[in-house]
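The structure file protein_21.pdb is reproduced below (PDB, C-alpha atoms).
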```
MODEL        1
ATOM      1  CA  MET Z   1      56.763 -21.145  30.907
ATOM      2  CA  LYS Z   2      53.521 -22.717  31.969
ATOM      3  CA  LEU Z   3      50.543 -20.479  31.517
ATOM      4  CA  ARG Z   4      47.933 -21.014  34.221
ATOM      5  CA  CYS Z   5      45.421 -18.257  33.785
ATOM      6  CA  ILE Z   6      44.611 -15.150  31.786
ATOM      7  CA  ALA Z   7      42.160 -12.637  33.177
ATOM      8  CA  ILE Z   8      40.922  -9.309  31.866
ATOM      9  CA  LEU Z   9      39.528  -6.722  34.253
ATOM     10  CA  ASN Z  10      37.952  -3.405  33.510
ATOM     11  CA  ARG Z  11      38.768  -0.105  35.104
ATOM     12  CA  GLN Z  12      36.554  -0.835  38.093
ATOM     13  CA  ASP Z  13      38.532  -4.019  38.681
ATOM     14  CA  THR Z  14      35.608  -6.263  37.798
ATOM     15  CA  PRO Z  15      36.669  -9.282  35.806
ATOM     16  CA  VAL Z  16      35.220  -9.275  32.308
ATOM     17  CA  TYR Z  17      37.059 -12.395  31.193
ATOM     18  CA  MET Z  18      38.745 -15.230  33.003
ATOM     19  CA  ARG Z  19      40.305 -18.287  31.437
ATOM     20  CA  SER Z  20      42.294 -20.888  33.322
ATOM     21  CA  PHE Z  21      44.380 -23.545  31.668
ATOM     22  CA  ASP Z  22      44.478 -26.149  34.388
ATOM     23  CA  ASP Z  23      43.115 -29.404  33.109
ATOM     24  CA  ASN Z  24      42.154 -30.721  36.538
ATOM     25  CA  GLU Z  25      39.126 -29.500  38.439
ATOM     26  CA  GLY Z  26      37.607 -26.476  36.780
ATOM     27  CA  GLY Z  27      35.414 -24.763  39.351
ATOM     28  CA  GLY Z  28      37.607 -24.656  42.433
ATOM     29  CA  ASP Z  29      40.615 -23.253  40.687
ATOM     30  CA  ASP Z  30      38.757 -20.333  39.174
ATOM     31  CA  VAL Z  31      38.057 -18.965  42.622
ATOM     32  CA  LYS Z  32      41.750 -19.067  43.383
ATOM     33  CA  TYR Z  33      42.512 -17.036  40.269
ATOM     34  CA  GLN Z  34      39.768 -14.568  40.945
ATOM     35  CA  HIS Z  35      41.213 -14.011  44.371
ATOM     36  CA  LEU Z  36      44.661 -13.528  42.876
ATOM     37  CA  ALA Z  37      43.317 -11.039  40.341
ATOM     38  CA  HIS Z  38      41.626  -9.113  43.121
ATOM     39  CA  THR Z  39      44.662  -8.903  45.310
ATOM     40  CA  SER Z  40      46.801  -7.795  42.359
ATOM     41  CA  CYS Z  41      44.641  -4.737  41.775
ATOM     42  CA  ASP Z  42      46.349  -2.573  44.371
ATOM     43  CA  VAL Z  43      49.750  -3.422  43.015
ATOM     44  CA  ILE Z  44      48.508  -2.512  39.547
ATOM     45  CA  GLU Z  45      47.351   0.896  40.712
ATOM     46  CA  GLU Z  46      50.684   1.484  42.376
ATOM     47  CA  ARG Z  47      52.693   0.479  39.314
ATOM     48  CA  MET Z  48      50.512   2.552  37.038
ATOM     49  CA  GLN Z  49      51.247   5.617  39.065
ATOM     50  CA  LYS Z  50      54.951   4.950  39.048
ATOM     51  CA  SER Z  51      55.300   4.622  35.292
ATOM     52  CA  PRO Z  52      52.127   5.996  33.715
ATOM     53  CA  SER Z  53      53.099   5.540  30.085
ATOM     54  CA  ASP Z  54      54.211   1.942  30.349
ATOM     55  CA  MET Z  55      51.722  -0.737  29.351
ATOM     56  CA  TYR Z  56      53.688  -3.669  30.711
ATOM     57  CA  LEU Z  57      53.655  -3.659  34.504
ATOM     58  CA  GLY Z  58      55.995  -6.535  35.209
ATOM     59  CA  LEU Z  59      55.793  -9.045  38.026
ATOM     60  CA  LEU Z  60      53.061  -8.003  40.437
ATOM     61  CA  GLN Z  61      53.307 -10.693  43.090
ATOM     62  CA  THR Z  62      54.187 -14.310  43.690
ATOM     63  CA  VAL Z  63      51.984 -16.583  45.742
ATOM     64  CA  GLY Z  64      53.321 -20.048  46.395
ATOM     65  CA  GLU Z  65      54.189 -21.523  43.051
ATOM     66  CA  LEU Z  66      52.274 -18.939  41.005
ATOM     67  CA  ALA Z  67      53.652 -15.696  39.600
ATOM     68  CA  VAL Z  68      51.320 -12.908  38.535
ATOM     69  CA  TYR Z  69      52.166 -10.441  35.783
ATOM     70  CA  GLY Z  70      50.214  -7.362  34.799
ATOM     71  CA  TYR Z  71      49.613  -5.294  31.659
ATOM     72  CA  VAL Z  72      47.458  -2.224  31.265
ATOM     73  CA  LEU Z  73      45.887  -1.197  27.997
ATOM     74  CA  ASN Z  74      46.260   2.446  27.159
ATOM     75  CA  THR Z  75      42.548   2.676  26.384
ATOM     76  CA  GLY Z  76      40.160   2.888  29.297
ATOM     77  CA  GLY Z  77      42.433   1.356  31.881
ATOM     78  CA  VAL Z  78      41.534  -2.215  31.017
ATOM     79  CA  ARG Z  79      43.994  -4.590  32.646
ATOM     80  CA  ILE Z  80      45.257  -7.996  31.682
ATOM     81  CA  ILE Z  81      46.549 -10.347  34.331
ATOM     82  CA  MET Z  82      48.579 -13.411  33.564
ATOM     83  CA  VAL Z  83      49.335 -16.136  36.070
ATOM     84  CA  ILE Z  84      52.115 -18.602  35.411
ATOM     85  CA  SER Z  85      53.702 -21.393  37.387
ATOM     86  CA  VAL Z  86      57.008 -20.252  38.820
ATOM     87  CA  PRO Z  87      59.505 -21.615  36.331
ATOM     88  CA  GLU Z  88      62.772 -23.347  37.078
ATOM     89  CA  SER Z  89      64.697 -21.163  34.638
ATOM     90  CA  ILE Z  90      64.462 -17.385  34.469
ATOM     91  CA  VAL Z  91      61.607 -16.130  32.298
ATOM     92  CA  ARG Z  92      62.549 -13.222  30.085
ATOM     93  CA  ALA Z  93      60.361 -10.159  30.332
ATOM     94  CA  ALA Z  94      60.276 -10.088  26.555
ATOM     95  CA  ALA Z  95      58.547 -13.461  26.417
ATOM     96  CA  ILE Z  96      55.868 -12.339  28.871
ATOM     97  CA  LYS Z  97      55.421  -9.074  27.002
ATOM     98  CA  GLU Z  98      54.931 -10.974  23.779
ATOM     99  CA  VAL Z  99      52.095 -13.036  25.224
ATOM    100  CA  PHE Z 100      50.487  -9.883  26.557
ATOM    101  CA  GLN Z 101      50.741  -8.248  23.162
ATOM    102  CA  GLN Z 102      49.050 -11.203  21.543
ATOM    103  CA  VAL Z 103      46.227 -11.029  24.061
ATOM    104  CA  HIS Z 104      46.006  -7.298  23.424
ATOM    105  CA  ALA Z 105      45.759  -7.844  19.668
ATOM    106  CA  ALA Z 106      43.055 -10.465  20.150
ATOM    107  CA  TYR Z 107      41.218  -8.091  22.482
ATOM    108  CA  ILE Z 108      41.295  -5.355  19.842
ATOM    109  CA  ALA Z 109      39.848  -7.735  17.251
ATOM    110  CA  LEU Z 110      37.129  -8.642  19.742
ATOM    111  CA  VAL Z 111      36.277  -5.035  20.480
ATOM    112  CA  CYS Z 112      36.048  -4.228  16.767
ATOM    113  CA  ASN Z 113      33.351  -6.835  16.296
ATOM    114  CA  PRO Z 114      30.200  -4.820  15.642
ATOM    115  CA  PHE Z 115      28.101  -7.466  17.408
ATOM    116  CA  ASN Z 116      30.085  -7.173  20.609
ATOM    117  CA  GLU Z 117      28.020  -5.831  23.511
ATOM    118  CA  PHE Z 118      29.762  -3.038  25.343
ATOM    119  CA  ASP Z 119      28.504  -2.332  28.823
ATOM    120  CA  ASP Z 120      31.287  -0.074  29.884
ATOM    121  CA  ALA Z 121      29.068   2.997  30.115
ATOM    122  CA  SER Z 122      26.940   1.439  32.837
ATOM    123  CA  GLY Z 123      30.094   0.494  34.699
ATOM    124  CA  GLY Z 124      28.805  -3.052  34.931
ATOM    125  CA  GLY Z 125      31.302  -4.663  32.566
ATOM    126  CA  GLY Z 126      29.611  -7.159  30.285
ATOM    127  CA  ARG Z 127      31.238 -10.518  29.826
ATOM    128  CA  LEU Z 128      33.312 -10.895  26.685
ATOM    129  CA  VAL Z 129      32.028 -13.723  24.549
ATOM    130  CA  SER Z 130      33.662 -14.529  21.276
ATOM    131  CA  GLY Z 131      34.622 -17.757  19.566
ATOM    132  CA  LYS Z 132      37.637 -16.287  17.837
ATOM    133  CA  PHE Z 133      38.958 -14.747  21.055
ATOM    134  CA  GLU Z 134      38.601 -18.041  22.923
ATOM    135  CA  ALA Z 135      40.422 -19.825  20.129
ATOM    136  CA  ILE Z 136      43.367 -17.443  20.305
ATOM    137  CA  ILE Z 137      43.595 -17.688  24.091
ATOM    138  CA  SER Z 138      43.374 -21.493  23.923
ATOM    139  CA  GLU Z 139      46.182 -21.488  21.405
ATOM    140  CA  LEU Z 140      48.319 -19.327  23.681
ATOM    141  CA  GLY Z 141      47.634 -21.709  26.523
ATOM    142  CA  ARG Z 142      48.579 -24.655  24.390
ATOM    143  CA  VAL Z 143      51.798 -23.104  23.138
ATOM    144  CA  HIS Z 144      52.976 -22.061  26.590
ATOM    145  CA  SER Z 145      52.198 -25.194  28.491
ATOM    146  CA  ASN Z 146      55.630 -26.553  29.233
TER     147      ASN Z 146
ATOM    148  CA  MET G   1      38.375  -9.139 -23.587
ATOM    149  CA  GLU G   2      38.898 -10.434 -20.088
ATOM    150  CA  LYS G   3      42.407  -9.072 -19.849
ATOM    151  CA  GLN G   4      41.089  -5.727 -20.951
ATOM    152  CA  TYR G   5      38.507  -5.601 -18.207
ATOM    153  CA  LYS G   6      41.108  -6.452 -15.619
ATOM    154  CA  THR G   7      43.363  -3.646 -16.790
ATOM    155  CA  ILE G   8      40.535  -1.160 -17.014
ATOM    156  CA  GLY G   9      39.542  -2.013 -13.460
ATOM    157  CA  GLU G  10      43.031  -1.666 -12.080
ATOM    158  CA  GLU G  11      43.701   1.563 -13.935
ATOM    159  CA  ALA G  12      40.489   3.115 -12.723
ATOM    160  CA  TRP G  13      41.199   2.039  -9.139
ATOM    161  CA  LYS G  14      44.673   3.502  -9.243
ATOM    162  CA  ASN G  15      43.938   6.778 -10.951
ATOM    163  CA  ASN G  16      40.335   7.821 -10.711
ATOM    164  CA  THR G  17      39.389   6.713  -7.225
ATOM    165  CA  GLU G  18      39.436   8.688  -4.024
ATOM    166  CA  LYS G  19      40.138   6.456  -1.090
ATOM    167  CA  ILE G  20      39.024   6.513   2.532
ATOM    168  CA  ASN G  21      40.178   4.625   5.568
ATOM    169  CA  ALA G  22      38.995   1.037   5.430
ATOM    170  CA  GLU G  23      38.343   0.790   9.161
ATOM    171  CA  LEU G  24      36.021   3.767   9.097
ATOM    172  CA  PHE G  25      34.008   2.111   6.377
ATOM    173  CA  ILE G  26      33.971  -1.275   8.102
ATOM    174  CA  PHE G  27      32.888   0.170  11.443
ATOM    175  CA  THR G  28      30.194   2.267   9.781
ATOM    176  CA  TYR G  29      28.794  -0.739   7.988
ATOM    177  CA  GLY G  30      29.035  -2.848  11.154
ATOM    178  CA  SER G  31      27.086  -0.351  13.249
ATOM    179  CA  LEU G  32      24.545  -0.098  10.494
ATOM    180  CA  VAL G  33      23.888  -3.825  10.511
ATOM    181  CA  VAL G  34      23.825  -4.005  14.311
ATOM    182  CA  GLN G  35      21.399  -1.105  14.494
ATOM    183  CA  LEU G  36      19.131  -2.764  11.946
ATOM    184  CA  VAL G  37      19.261  -5.966  13.963
ATOM    185  CA  LYS G  38      18.278  -4.094  17.117
ATOM    186  CA  ASP G  39      15.492  -2.204  15.357
ATOM    187  CA  TYR G  40      13.900  -5.074  13.482
ATOM    188  CA  GLU G  41      14.800  -8.019  15.739
ATOM    189  CA  ASP G  42      14.081 -10.326  12.815
ATOM    190  CA  TYR G  43      16.977 -11.381  10.662
ATOM    191  CA  THR G  44      14.923 -11.934   7.524
ATOM    192  CA  ALA G  45      13.646  -8.380   7.744
ATOM    193  CA  VAL G  46      17.206  -7.140   8.227
ATOM    194  CA  ASN G  47      18.275  -9.013   5.095
ATOM    195  CA  LYS G  48      15.481  -7.361   3.161
ATOM    196  CA  GLN G  49      16.386  -3.903   4.410
ATOM    197  CA  LEU G  50      20.043  -4.431   3.535
ATOM    198  CA  ASP G  51      18.995  -5.491   0.062
ATOM    199  CA  LYS G  52      16.786  -2.421  -0.341
ATOM    200  CA  MET G  53      19.581  -0.148   0.800
ATOM    201  CA  GLY G  54      21.946  -1.863  -1.576
ATOM    202  CA  TYR G  55      19.467  -1.394  -4.390
ATOM    203  CA  ASN G  56      19.387   2.358  -3.798
ATOM    204  CA  ILE G  57      23.153   2.441  -3.746
ATOM    205  CA  GLY G  58      23.428   0.343  -6.891
ATOM    206  CA  VAL G  59      21.221   2.513  -9.098
ATOM    207  CA  ARG G  60      23.463   5.501  -8.359
ATOM    208  CA  LEU G  61      26.722   3.622  -8.261
ATOM    209  CA  VAL G  62      26.535   2.355 -11.793
ATOM    210  CA  ASP G  63      26.510   5.861 -13.270
ATOM    211  CA  ASP G  64      29.546   6.717 -11.221
ATOM    212  CA  MET G  65      31.320   3.623 -12.458
ATOM    213  CA  MET G  66      30.430   4.215 -16.111
ATOM    214  CA  ALA G  67      31.636   7.794 -15.864
ATOM    215  CA  ARG G  68      34.980   6.734 -14.496
ATOM    216  CA  THR G  69      35.683   3.887 -16.837
ATOM    217  CA  SER G  70      34.098   4.868 -20.154
ATOM    218  CA  LEU G  71      33.045   1.327 -20.926
ATOM    219  CA  GLU G  72      31.089   0.308 -23.983
ATOM    220  CA  ARG G  73      27.944  -1.737 -23.960
ATOM    221  CA  CYS G  74      28.539  -5.333 -22.932
ATOM    222  CA  SER G  75      28.356  -7.927 -25.672
ATOM    223  CA  GLY G  76      26.418 -10.358 -23.531
ATOM    224  CA  PHE G  77      25.586 -11.445 -20.013
ATOM    225  CA  SER G  78      28.938 -13.151 -19.558
ATOM    226  CA  ALA G  79      30.687  -9.884 -20.386
ATOM    227  CA  THR G  80      28.432  -8.218 -17.810
ATOM    228  CA  ALA G  81      29.564 -10.735 -15.215
ATOM    229  CA  GLU G  82      33.192  -9.962 -15.949
ATOM    230  CA  VAL G  83      32.586  -6.226 -15.705
ATOM    231  CA  ILE G  84      30.867  -6.605 -12.330
ATOM    232  CA  ALA G  85      33.723  -8.694 -10.960
ATOM    233  CA  LYS G  86      36.785  -7.081 -12.460
ATOM    234  CA  ILE G  87      35.675  -3.469 -12.619
ATOM    235  CA  GLY G  88      32.735  -2.937 -10.301
ATOM    236  CA  PHE G  89      34.023  -4.812  -7.278
ATOM    237  CA  LYS G  90      37.586  -3.673  -7.954
ATOM    238  CA  LEU G  91      36.629  -0.045  -8.126
ATOM    239  CA  PHE G  92      34.525   0.068  -4.987
ATOM    240  CA  LEU G  93      35.901  -2.624  -2.712
ATOM    241  CA  ASN G  94      39.301  -3.347  -4.211
ATOM    242  CA  VAL G  95      38.581  -7.051  -4.389
ATOM    243  CA  VAL G  96      38.028  -9.149  -7.504
ATOM    244  CA  PRO G  97      35.636 -12.060  -7.034
ATOM    245  CA  THR G  98      35.817 -15.071  -9.344
ATOM    246  CA  VAL G  99      33.014 -15.640 -11.818
ATOM    247  CA  THR G 100      32.035 -19.327 -11.925
ATOM    248  CA  ASN G 101      29.196 -21.833 -11.907
ATOM    249  CA  TRP G 102      27.484 -20.675 -15.041
ATOM    250  CA  SER G 103      24.122 -22.323 -15.562
ATOM    251  CA  ALA G 104      23.394 -24.236 -18.735
ATOM    252  CA  ASP G 105      21.369 -21.408 -20.263
ATOM    253  CA  ALA G 106      24.076 -18.892 -19.363
ATOM    254  CA  LYS G 107      21.596 -16.799 -17.416
ATOM    255  CA  GLU G 108      22.950 -17.470 -13.944
ATOM    256  CA  PHE G 109      26.412 -17.256 -12.478
ATOM    257  CA  SER G 110      28.160 -17.141  -9.129
ATOM    258  CA  LEU G 111      30.579 -14.636  -7.724
ATOM    259  CA  ILE G 112      33.000 -16.251  -5.314
ATOM    260  CA  LEU G 113      34.501 -13.791  -2.847
ATOM    261  CA  ASP G 114      37.606 -15.082  -1.105
ATOM    262  CA  ASP G 115      37.997 -11.924   0.843
ATOM    263  CA  ASN G 116      35.246  -9.504   1.729
ATOM    264  CA  PRO G 117      36.547  -6.384   3.448
ATOM    265  CA  LEU G 118      33.194  -5.802   5.154
ATOM    266  CA  ASN G 119      33.763  -8.979   7.140
ATOM    267  CA  ASP G 120      36.926  -7.859   8.897
ATOM    268  CA  PHE G 121      36.617  -8.140  12.683
ATOM    269  CA  CYS G 122      33.044  -9.302  12.391
ATOM    270  CA  GLU G 123      31.807 -12.341  14.252
ATOM    271  CA  LEU G 124      28.154 -13.269  14.033
ATOM    272  CA  PRO G 125      26.369 -14.258  17.243
ATOM    273  CA  PRO G 126      25.073 -17.839  17.019
ATOM    274  CA  LYS G 127      21.453 -16.723  16.780
ATOM    275  CA  ALA G 128      22.243 -14.655  13.696
ATOM    276  CA  VAL G 129      23.738 -17.708  12.054
ATOM    277  CA  THR G 130      20.815 -20.002  12.791
ATOM    278  CA  ASP G 131      18.253 -17.377  11.809
ATOM    279  CA  GLY G 132      19.860 -16.740   8.459
ATOM    280  CA  LEU G 133      21.433 -13.295   8.580
ATOM    281  CA  TRP G 134      23.473 -12.470   5.486
ATOM    282  CA  TYR G 135      25.819  -9.830   6.855
ATOM    283  CA  SER G 136      26.900  -8.354   3.533
ATOM    284  CA  ASN G 137      23.510  -8.592   1.901
ATOM    285  CA  VAL G 138      23.848  -4.978   0.841
ATOM    286  CA  LEU G 139      26.171  -6.204  -1.917
ATOM    287  CA  CYS G 140      23.347  -8.232  -3.434
ATOM    288  CA  GLY G 141      21.159  -5.160  -3.551
ATOM    289  CA  VAL G 142      23.929  -3.100  -5.131
ATOM    290  CA  ILE G 143      24.361  -5.611  -7.945
ATOM    291  CA  ARG G 144      20.610  -5.831  -8.494
ATOM    292  CA  GLY G 145      20.215  -2.037  -8.577
ATOM    293  CA  ALA G 146      23.146  -1.505 -10.875
ATOM    294  CA  LEU G 147      21.984  -4.146 -13.344
ATOM    295  CA  GLU G 148      18.469  -2.756 -13.357
ATOM    296  CA  MET G 149      19.845   0.596 -14.461
ATOM    297  CA  MET G 150      21.530  -1.292 -17.248
ATOM    298  CA  GLN G 151      18.144  -2.666 -18.307
ATOM    299  CA  MET G 152      18.473  -6.096 -16.778
ATOM    300  CA  GLN G 153      16.088  -7.462 -14.190
ATOM    301  CA  THR G 154      17.938  -9.861 -11.921
ATOM    302  CA  GLU G 155      17.649 -11.819  -8.734
ATOM    303  CA  VAL G 156      20.756 -11.672  -6.617
ATOM    304  CA  VAL G 157      21.147 -13.677  -3.439
ATOM    305  CA  TYR G 158      23.824 -14.823  -1.078
ATOM    306  CA  VAL G 159      24.221 -18.592  -0.981
ATOM    307  CA  ARG G 160      27.314 -19.059   1.179
ATOM    308  CA  ASP G 161      29.133 -16.825   3.630
ATOM    309  CA  VAL G 162      32.385 -17.276   5.547
ATOM    310  CA  LEU G 163      30.813 -15.580   8.570
ATOM    311  CA  ARG G 164      28.375 -18.476   8.771
ATOM    312  CA  GLY G 165      31.103 -21.075   8.663
ATOM    313  CA  ASP G 166      31.269 -21.773   4.926
ATOM    314  CA  ASP G 167      34.674 -21.813   3.314
ATOM    315  CA  VAL G 168      33.965 -19.028   0.820
ATOM    316  CA  SER G 169      31.353 -16.364   0.273
ATOM    317  CA  GLU G 170      29.207 -16.894  -2.792
ATOM    318  CA  ILE G 171      26.654 -14.610  -4.434
ATOM    319  CA  ARG G 172      24.342 -16.028  -7.073
ATOM    320  CA  VAL G 173      23.195 -13.690  -9.859
ATOM    321  CA  LYS G 174      20.287 -14.727 -12.049
ATOM    322  CA  LEU G 175      19.075 -12.831 -15.081
ATOM    323  CA  VAL G 176      15.277 -12.804 -15.071
ATOM    324  CA  ARG G 177      14.724 -10.751 -18.207
ATOM    325  CA  MET G 178      16.040  -7.869 -20.216
ATOM    326  CA  LEU G 179      13.980  -4.734 -19.687
ATOM    327  CA  ASP G 180      14.824  -3.135 -22.969
ATOM    328  CA  GLU G 181      14.062  -5.184 -26.044
ATOM    329  CA  GLU G 182      15.525  -2.968 -28.732
ATOM    330  CA  VAL G 183      19.175  -2.027 -28.814
ATOM    331  CA  PRO G 184      19.507   1.775 -28.802
ATOM    332  CA  ALA G 185      21.591   3.358 -31.508
ATOM    333  CA  SER G 186      23.860   5.073 -29.019
ATOM    334  CA  ASP G 187      24.153   5.368 -25.254
ATOM    335  CA  ASP G 188      22.976   8.724 -23.970
TER     336      ASP G 188
ENDMDL
END
```
structure tokens encoding of this file:
Amino acid sequence: MKLRCIAILNRQDTPVYMRSFDDNEGGGDDVKYQHLAHTSCDVIEERMQKSPSDMYLGLLQTVGELAVYGYVLNTGGVRIIMVISVPESIVRAAAIKEVFQQVHAAYIALVCNPFNEFDDASGGGGRLVSGKFEAIISELGRVHSN
Amino acid sequence: MEKQYKTIGEEAWKNNTEKINAELFIFTYGSLVVQLVKDYEDYTAVNKQLDKMGYNIGVRLVDDMMARTSLERCSGFSATAEVIAKIGFKLFLNVVPTVTNWSADAKEFSLILDDNPLNDFCELPPKAVTDGLWYSNVLCGVIRGALEMMQMQTEVVYVRDVLRGDDVSEIRVKLVRMLDEEVPASDD
């Protein structure tokens, strides 16, 4: 499974974190993923209504050779979006869920940092900046790059 | 003597200590430090405040510890070091730092903390690191306050901290002088 991008959006669907794993051009690709994240939002809302207690939302959409999966945190409606290259062999839902859970765990560690700025009240969504979080996401990208 | 201290510490932790949720404590301490940082905006001042707060905690803490462990007077400064590490830290933080790096005149030693529960989840912003914030500086104040109640004037400072990228956390304790020249007949 080749991980292409991980994005975290807040309840207002503003991205608070975006990390792409393509090693070619950096800038252009980010726009593509932002667009993908945006278009996935409606599907997320729909899935959330269908199964309100489920955190894992499954495959949201496929665009060309990219597949987008979604995961909602049970706190505050924060969503995690994961984009992977469409694989040749079937990807098990369990594998995707596991990656999401690792991102979730890293997110919790980030949130617990007392020096983390939380702008959720203003609805603006501050950007998440944390060395440890970046390291974990990089590691995930490295592990799932085949 | 050392084995005794270790056992006393563990016994007291197991039997005579009420426990609270670690996360509650960590989050409380974290917000405290962050609030101080916002209020003072100068990391040296924050360090000083943490030390002062620790001092006030230490002078009260030591009575609590002595009541729970019924220890006798320490034979010397090295015994004091062992008591701080094996009983004091064990009782209040459930960690036992290592006592090392004794100076030649046996008046200074280091406490090496492999694992400081206050540090869980914490990540210092880069400015805090460059400007010299010691996140757990309150511990230095606690040691200083406690030892002053035991008639020792000390200087206690942080010299290394894992949050700043060092491999271990190290607190240096230096005995400046004894405040009580004569040995009392009994402890009241």
Identify all chain Z residues at most 7 Å from chain G by counting only C-alpha atoms; ligands do not count. Present them as a list in words.
Ala109, Cys112, Asn113, Pro114 and Phe115 of chain Z
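For the structure shown here, the set of residues caught by the PyMOL selection byres ((chain Z and resi 101) around 12) is Met55, Tyr56, Gly70, Tyr71, Val72, Leu73, Ile80, Met82, Ala94, Ala95, Ile96, Lys97, Glu98, Val99, Phe100, Gln102, Val103, His104, Ala105, Ala106, Tyr107, Ile108, Ile137 and Leu140 of chain Z.
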Dump as a PyMOL selection string all residues having an atom at most 9 Å from (34.3, -1.8, -13.9), computed in the file's coordinates with only C-alpha atoms.
chain G and resi 5-6+8-10+12+65-66+68-69+71+82-91
For range 170-179 of chain G, find every residue with an atom within 9 Å (counting all atoms listed in the file), except residues of its own chain fewer than 6 positions away, and show them as a VMD selection string.
chain G and resid 77 81 101 106 to 114 139 to 140 143 to 144 148 150 to 162
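Between CA of Arg60 in chain G and CA of Val95 in chain G the interatomic distance comes to 20.0 Å.
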Using all atoms listed in the file, which residues sit within 6 Å of range 84-87 of chain Z once same-chain residues fewer than 6 positions away are excluded, as a PDB file with C-alpha atoms, keeping the file's coordinate frame?
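New file selection.pdb:
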```
ATOM      1  CA  LYS Z   2      53.521 -22.717  31.969  1.00  0.00           C
ATOM      2  CA  LEU Z   3      50.543 -20.479  31.517  1.00  0.00           C
ATOM      3  CA  ARG Z   4      47.933 -21.014  34.221  1.00  0.00           C
ATOM      4  CA  GLU Z  65      54.189 -21.523  43.051  1.00  0.00           C
ATOM      5  CA  LEU Z  66      52.274 -18.939  41.005  1.00  0.00           C
ATOM      6  CA  ALA Z  67      53.652 -15.696  39.600  1.00  0.00           C
TER       7      ALA Z  67
END
```
Expressed in Å, the length from CA of Arg47 in chain Z to CA of Ser145 in chain Z is 27.9 Å
Reference answer for the PyMOL selection byres ((chain G and resi 133) around 8), as a list in words:
Tyr43, Thr44, Val46, Asn47, Ala128, Val129, Thr130, Asp131, Gly132, Trp134 and Tyr135 of chain G
What is the distance between CA of Pro15 in chain Z and CA of Pro52 in chain Z, in Å to one decimal?
21.8 Å
Can you tell me, as AutoDock Vina command-line options, the centre and edge lengths (Å, one decimal) of the axis-aligned box enclosing all of range 121-125 of chain G's listed atoms after padding each side by 4 Å?
```
--center_x 31.5 --center_y -11.2 --center_z 14.8 --size_x 18.2 --size_y 14.1 --size_z 12.9
```
